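Trainee: Questions regarding the structure given below will be posed in turn.
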Amino acid sequence: MRAAVIGSGAWGTAFAKVLGDAGSEVTMRARREPVAAEIRDQHGNEGSLPGVRLSKRVTATTDLAEAVDGAELIAIAVPSQTLRGNLADWAPFFPKDATVISLMKGIELGTLKRMSEVIMETAGVAPERMVVVSGPNLAPEIAADQPTATVVACTDEDRARQVQHALATPYFRPYTSDDVLGCELGGAVKNVIALAYGMATAIGLGDNTKASLITRGLAETSRLGVALGADPLTFAGLAGLGDLVASCSSRLSRNRTFGEHLGRGESLEQAQAATRQTAEGVKSCLSIRDLARAHGVEMPIVEQVERVCHEGVDPRVAVKLLMTREMKPE
């Protein structure tokens, strides 16, 4: 199968590796020529995944039209808030029947749309051609061939299975789902909860606190998902609980790491400078908060993360506010 991956960060590179290892011919689109040349000539991307070797079936270019030419699968792995602006330029080059795969986990600011909705709206992709991949997808572990599982979600069951087979390797096991909404929502909200987990870790709070954050964070995600029409069982699976646990507990998680910097009293700018990575939850906490309010759903952890990130509230004060909320049934 001919595949293209737009984006040469850690997750885009790891996903290209999976596709190549599963037998596809893959062309990555990188923004910078030195990165594209390294992938082409040295079969690696040291800036994003140090020490990882890519299959010779994986190559790269900075030319978007060249990357997607003849592609049956087009995977997009770019920062979520940049997607709409870029798609206007990219969409004319997409083959008409290509399956488009969203690897992004966020909710667009302002429109409150999921990434698949942005792609369908901006690039004119029909729902049956739109696929979402979500789950515990820590790129360095996948690139190191450590066993993991993920979810391939699409409203078209046959297309989901096609992508499933295109990704199946001895170390990467995809499962299929038709709950695109639930899978995307789980992936977006877990970033915000992972920020809270990182803050709690930096403050020195214990395992009881952190277990409570994961559990109540999952409850918030499920409440919003059900209000929007998602299958509640999705949040008990890989795209819900699985992704949430990995993002909270792993030191490879950029959102958890960013949250630790905030928990140590650093500003957003200082945390960004220290991590040098995109923590999607920092911006998504705003759009997820607004989405929850629009549907009358209480998401107190999301609310407090937004206050820490964008209103300068001390994380310790945020914890106190969470603990003194009105008592309600579990």
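Each chain in the structure tokens gets a letter, A, B and so on, in the order shown; residues start at 1 in every chain, and ligands are counted from 1 in the order they appear.
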Would you please give, as a count of residues only, all residues of range 133-240 of chain A that DSSP assigns to alpha helix (DSSP H) based on the backbone?
Mentor: 62
Trainee: Can you tell me, as a JSON list (two decimals) with N, CA and C atoms, in the first residue's frame, what residues are no more than 8 Å from range 254-262 of chain A when counting only C-alpha atoms, ignoring any on the same chain fewer than 2 positions away?
Mentor:
[["chain", "number", "residue", "atom", "x", "y", "z"],
["A", 191, "ASN", "N", -5.22, 14.55, 27.59],
["A", 191, "ASN", "CA", -4.09, 15.48, 27.64],
["A", 191, "ASN", "C", -4.24, 16.47, 28.79],
["A", 192, "VAL", "N", -5.47, 16.91, 29.02],
["A", 192, "VAL", "CA", -5.73, 17.87, 30.10],
["A", 192, "VAL", "C", -5.56, 17.20, 31.46],
["A", 194, "ALA", "N", -3.70, 14.67, 32.09],
["A", 194, "ALA", "CA", -2.27, 14.40, 32.27],
["A", 194, "ALA", "C", -1.53, 15.65, 32.76],
["A", 195, "LEU", "N", -1.97, 16.83, 32.34],
["A", 195, "LEU", "CA", -1.40, 18.06, 32.89],
["A", 195, "LEU", "C", -1.63, 18.12, 34.39],
["A", 196, "ALA", "N", -2.87, 17.81, 34.81],
["A", 196, "ALA", "CA", -3.20, 17.82, 36.24],
["A", 196, "ALA", "C", -2.36, 16.80, 36.99],
["A", 197, "TYR", "N", -2.17, 15.63, 36.40],
["A", 197, "TYR", "CA", -1.36, 14.57, 37.03],
["A", 197, "TYR", "C", 0.08, 15.04, 37.21],
["A", 198, "GLY", "N", 0.61, 15.70, 36.19],
["A", 198, "GLY", "CA", 1.97, 16.22, 36.30],
["A", 198, "GLY", "C", 2.10, 17.26, 37.39],
["A", 199, "MET", "N", 1.10, 18.14, 37.50],
["A", 199, "MET", "CA", 1.11, 19.13, 38.58],
["A", 199, "MET", "C", 1.09, 18.45, 39.95],
["A", 200, "ALA", "N", 0.24, 17.45, 40.09],
["A", 200, "ALA", "CA", 0.13, 16.74, 41.37],
["A", 200, "ALA", "C", 1.45, 16.06, 41.72],
["A", 201, "THR", "N", 2.11, 15.51, 40.72],
["A", 201, "THR", "CA", 3.40, 14.85, 40.94],
["A", 201, "THR", "C", 4.44, 15.85, 41.44],
["A", 202, "ALA", "N", 4.50, 17.02, 40.79],
["A", 202, "ALA", "CA", 5.49, 18.03, 41.16],
["A", 202, "ALA", "C", 5.23, 18.60, 42.55],
["A", 247, "SER", "N", -0.72, 8.35, 29.43],
["A", 247, "SER", "CA", -0.35, 9.76, 29.40],
["A", 247, "SER", "C", -0.10, 10.32, 30.79],
["A", 248, "CYS", "N", -0.82, 9.82, 31.78],
["A", 248, "CYS", "CA", -0.61, 10.29, 33.15],
["A", 248, "CYS", "C", 0.61, 9.66, 33.80],
["A", 249, "SER", "N", 0.80, 8.38, 33.63],
["A", 249, "SER", "CA", 1.82, 7.67, 34.41],
["A", 249, "SER", "C", 3.20, 7.69, 33.79],
["A", 250, "SER", "N", 3.30, 7.92, 32.48],
["A", 250, "SER", "CA", 4.60, 7.82, 31.82],
["A", 250, "SER", "C", 5.36, 9.13, 31.82],
["A", 251, "ARG", "N", 6.66, 9.05, 32.08],
["A", 251, "ARG", "CA", 7.52, 10.23, 31.99],
["A", 251, "ARG", "C", 7.81, 10.59, 30.54],
["A", 252, "LEU", "N", 7.38, 9.74, 29.59],
["A", 252, "LEU", "CA", 7.50, 10.06, 28.17],
["A", 252, "LEU", "C", 6.38, 10.99, 27.71],
["A", 264, "ARG", "N", 5.79, 23.09, 39.52],
["A", 264, "ARG", "CA", 6.97, 23.64, 40.22],
["A", 264, "ARG", "C", 6.96, 25.17, 40.22],
["A", 265, "GLY", "N", 5.87, 25.74, 39.73],
["A", 265, "GLY", "CA", 5.72, 27.19, 39.78],
["A", 265, "GLY", "C", 6.19, 27.93, 38.54],
["A", 266, "GLU", "N", 6.53, 27.20, 37.48],
["A", 266, "GLU", "CA", 6.99, 27.85, 36.26],
["A", 266, "GLU", "C", 5.80, 28.41, 35.48],
["A", 267, "SER", "N", 6.05, 29.44, 34.69],
["A", 267, "SER", "CA", 5.02, 30.00, 33.83],
["A", 267, "SER", "C", 4.85, 29.13, 32.59],
["A", 268, "LEU", "N", 3.81, 29.41, 31.81],
["A", 268, "LEU", "CA", 3.62, 28.70, 30.55],
["A", 268, "LEU", "C", 4.85, 28.85, 29.66],
["A", 271, "ALA", "N", 7.73, 26.75, 31.00],
["A", 271, "ALA", "CA", 7.49, 25.33, 30.77],
["A", 271, "ALA", "C", 7.69, 24.98, 29.30],
["A", 272, "GLN", "N", 7.23, 25.86, 28.42],
["A", 272, "GLN", "CA", 7.39, 25.62, 26.99],
["A", 272, "GLN", "C", 8.87, 25.62, 26.60],
["A", 275, "THR", "N", 10.46, 22.26, 27.91],
["A", 275, "THR", "CA", 10.07, 21.01, 27.27],
["A", 275, "THR", "C", 10.33, 21.00, 25.77],
["A", 277, "GLN", "N", 8.39, 21.08, 23.41],
["A", 277, "GLN", "CA", 7.43, 20.23, 22.72],
["A", 277, "GLN", "C", 6.03, 20.82, 22.86],
["A", 278, "THR", "N", 5.13, 20.38, 21.95],
["A", 278, "THR", "CA", 3.75, 20.83, 22.02],
["A", 278, "THR", "C", 2.98, 19.98, 23.03],
["A", 279, "ALA", "N", 2.44, 20.63, 24.06],
["A", 279, "ALA", "CA", 1.56, 19.96, 25.02],
["A", 279, "ALA", "C", 0.14, 20.35, 24.66],
["A", 280, "GLU", "N", -0.53, 19.48, 23.92],
["A", 280, "GLU", "CA", -1.84, 19.82, 23.36],
["A", 280, "GLU", "C", -2.86, 20.23, 24.42],
["A", 281, "GLY", "N", -2.73, 19.67, 25.62],
["A", 281, "GLY", "CA", -3.70, 19.97, 26.66],
["A", 281, "GLY", "C", -3.73, 21.42, 27.10],
["A", 309, "CYS", "N", -3.36, 27.13, 33.93],
["A", 309, "CYS", "CA", -2.64, 27.43, 32.70],
["A", 309, "CYS", "C", -2.84, 28.86, 32.22],
["A", 315, "PRO", "N", -1.27, 25.84, 41.50],
["A", 315, "PRO", "CA", -1.79, 24.47, 41.49],
["A", 315, "PRO", "C", -2.28, 24.00, 42.85]]
Trainee: In Å, how far is it from CA of Ala246 in chain A to CA of Arg289 in chain A?
Mentor: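 CA of Ala246 in chain A sits 22.4 Å away from CA of Arg289 in chain A.
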Trainee: I want to know what sits within 12 Å of Thr148 in chain A, based on only C-alpha atoms, with residues of the same chain fewer than 4 positions away left out; could you give that as a PyMOL selection string?
Mentor: chain A and resi 18+134-144+167-175+238+242-243+246
Trainee: Store the residues picked out above in a file with C-alpha atoms, as a tab-separated table (two decimals), in the first residue's frame.
Mentor:
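Final file, result-v5.tsv:
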chain	number	residue	atom	x	y	z
A	18	VAL	CA	4.77	1.14	11.80
A	134	SER	CA	-6.15	6.68	19.21
A	135	GLY	CA	-4.92	4.81	22.24
A	136	PRO	CA	-1.83	4.59	24.43
A	137	ASN	CA	0.50	5.80	21.67
A	138	LEU	CA	3.75	6.87	23.36
A	139	ALA	CA	5.94	7.26	20.29
A	140	PRO	CA	9.36	6.27	21.72
A	141	GLU	CA	8.02	2.95	23.02
A	142	ILE	CA	6.31	2.13	19.73
A	143	ALA	CA	9.44	3.07	17.79
A	144	ALA	CA	11.40	0.71	20.07
A	167	LEU	CA	-0.83	-1.14	10.65
A	168	ALA	CA	-0.60	-4.66	12.07
A	169	THR	CA	2.93	-5.68	13.09
A	170	PRO	CA	4.32	-8.07	15.72
A	171	TYR	CA	4.63	-5.11	18.10
A	172	PHE	CA	1.61	-2.96	17.11
A	173	ARG	CA	-1.89	-4.44	17.42
A	174	PRO	CA	-4.81	-2.32	16.12
A	175	TYR	CA	-8.45	-2.87	17.11
A	238	LEU	CA	-7.78	1.64	24.83
A	242	GLY	CA	-5.69	3.03	28.20
A	243	ASP	CA	-4.62	6.35	26.72
A	246	ALA	CA	-0.29	5.97	29.72
Trainee: Please provide the set of residues having any atom within 8 Å of Ser222 in chain A, restricted to only C-alpha atoms, with same-chain residues fewer than 3 positions apart removed, written as a VMD selection string.
Mentor: chain A and resid 218 to 219 225 to 226 232 235
Trainee: Hey, which of A:Ala160, A:Leu291, A:Ala239, A:Ala77 ends up closest to Asp178 in chain A? Count only C-alpha atoms.
Mentor: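 Closest residue, counting only C-alpha atoms: A:Ala160.
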Trainee: Got a sec: who's within 8 Å of Phe15 in chain A, counting only C-alpha atoms, leaving out chain neighbours fewer than 4 positions off, as a list in words?
Mentor: Val5, Trp11 and Leu19 of chain A
Trainee: Now that the selection is made, can you save its residues with N, CA and C atoms as a short mmCIF file (atom, residue, chain, number, x, y, z; two decimals), in the first residue's frame?
Mentor:
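Below is the file part_6.cif, written as the result:
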data_model
loop_
_atom_site.label_atom_id
_atom_site.label_comp_id
_atom_site.auth_asym_id
_atom_site.auth_seq_id
_atom_site.Cartn_x
_atom_site.Cartn_y
_atom_site.Cartn_z
N VAL A 5 2.66 10.33 5.30
CA VAL A 5 2.52 10.83 6.66
C VAL A 5 2.94 12.30 6.64
N TRP A 11 5.54 11.32 16.91
CA TRP A 11 4.42 10.43 16.61
C TRP A 11 4.29 10.19 15.11
N LEU A 19 3.87 1.78 9.64
CA LEU A 19 3.38 1.52 8.28
C LEU A 19 4.44 0.82 7.43
#
Trainee: Near Val100 in chain A, within 7 Å and counting only C-alpha atoms, which residues show up once chain neighbours fewer than 3 positions away are dropped, as a ChimeraX atom specification?
Mentor: /A:73-75,129-131
Trainee: Keeping only N, CA and C atoms, write those residues as a PDB file, in the first residue's frame.
Mentor:
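Below is the file that was written, result-v4.pdb:
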ATOM      1  N   LEU A  73      -3.383   5.971   1.655  1.00  0.00           N
ATOM      2  CA  LEU A  73      -3.564   6.400   3.040  1.00  0.00           C
ATOM      3  C   LEU A  73      -2.790   7.695   3.248  1.00  0.00           C
ATOM      4  N   ILE A  74      -3.432   8.684   3.879  1.00  0.00           N
ATOM      5  CA  ILE A  74      -2.756   9.924   4.234  1.00  0.00           C
ATOM      6  C   ILE A  74      -2.953  10.155   5.723  1.00  0.00           C
ATOM      7  N   ALA A  75      -1.884  10.028   6.505  1.00  0.00           N
ATOM      8  CA  ALA A  75      -1.947  10.249   7.954  1.00  0.00           C
ATOM      9  C   ALA A  75      -1.431  11.640   8.270  1.00  0.00           C
ATOM     10  N   ARG A 129     -14.439   8.095   4.594  1.00  0.00           N
ATOM     11  CA  ARG A 129     -13.009   8.100   4.266  1.00  0.00           C
ATOM     12  C   ARG A 129     -12.163   8.587   5.439  1.00  0.00           C
ATOM     13  N   MET A 130     -12.817   8.973   6.531  1.00  0.00           N
ATOM     14  CA  MET A 130     -12.138   9.592   7.679  1.00  0.00           C
ATOM     15  C   MET A 130     -11.883   8.552   8.760  1.00  0.00           C
ATOM     16  N   VAL A 131     -10.624   8.402   9.153  1.00  0.00           N
ATOM     17  CA  VAL A 131     -10.225   7.433  10.169  1.00  0.00           C
ATOM     18  C   VAL A 131      -9.487   8.164  11.293  1.00  0.00           C
TER      19      VAL A 131
END
Trainee: Tell me, in Å to one decimal, how far CA of Ala123 in chain A is from CA of Leu87 in chain A.
Mentor: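 These two atoms are separated by 6.4 Å.
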Trainee: Using only C-alpha atoms, which residues sit within 6 Å of range 107-115 of chain A once same-chain residues fewer than 5 positions away are excluded, as a list in words?
Mentor: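 Using only C-alpha atoms, the neighbours found are Gln81, Ser284 and Ser287 of chain A.
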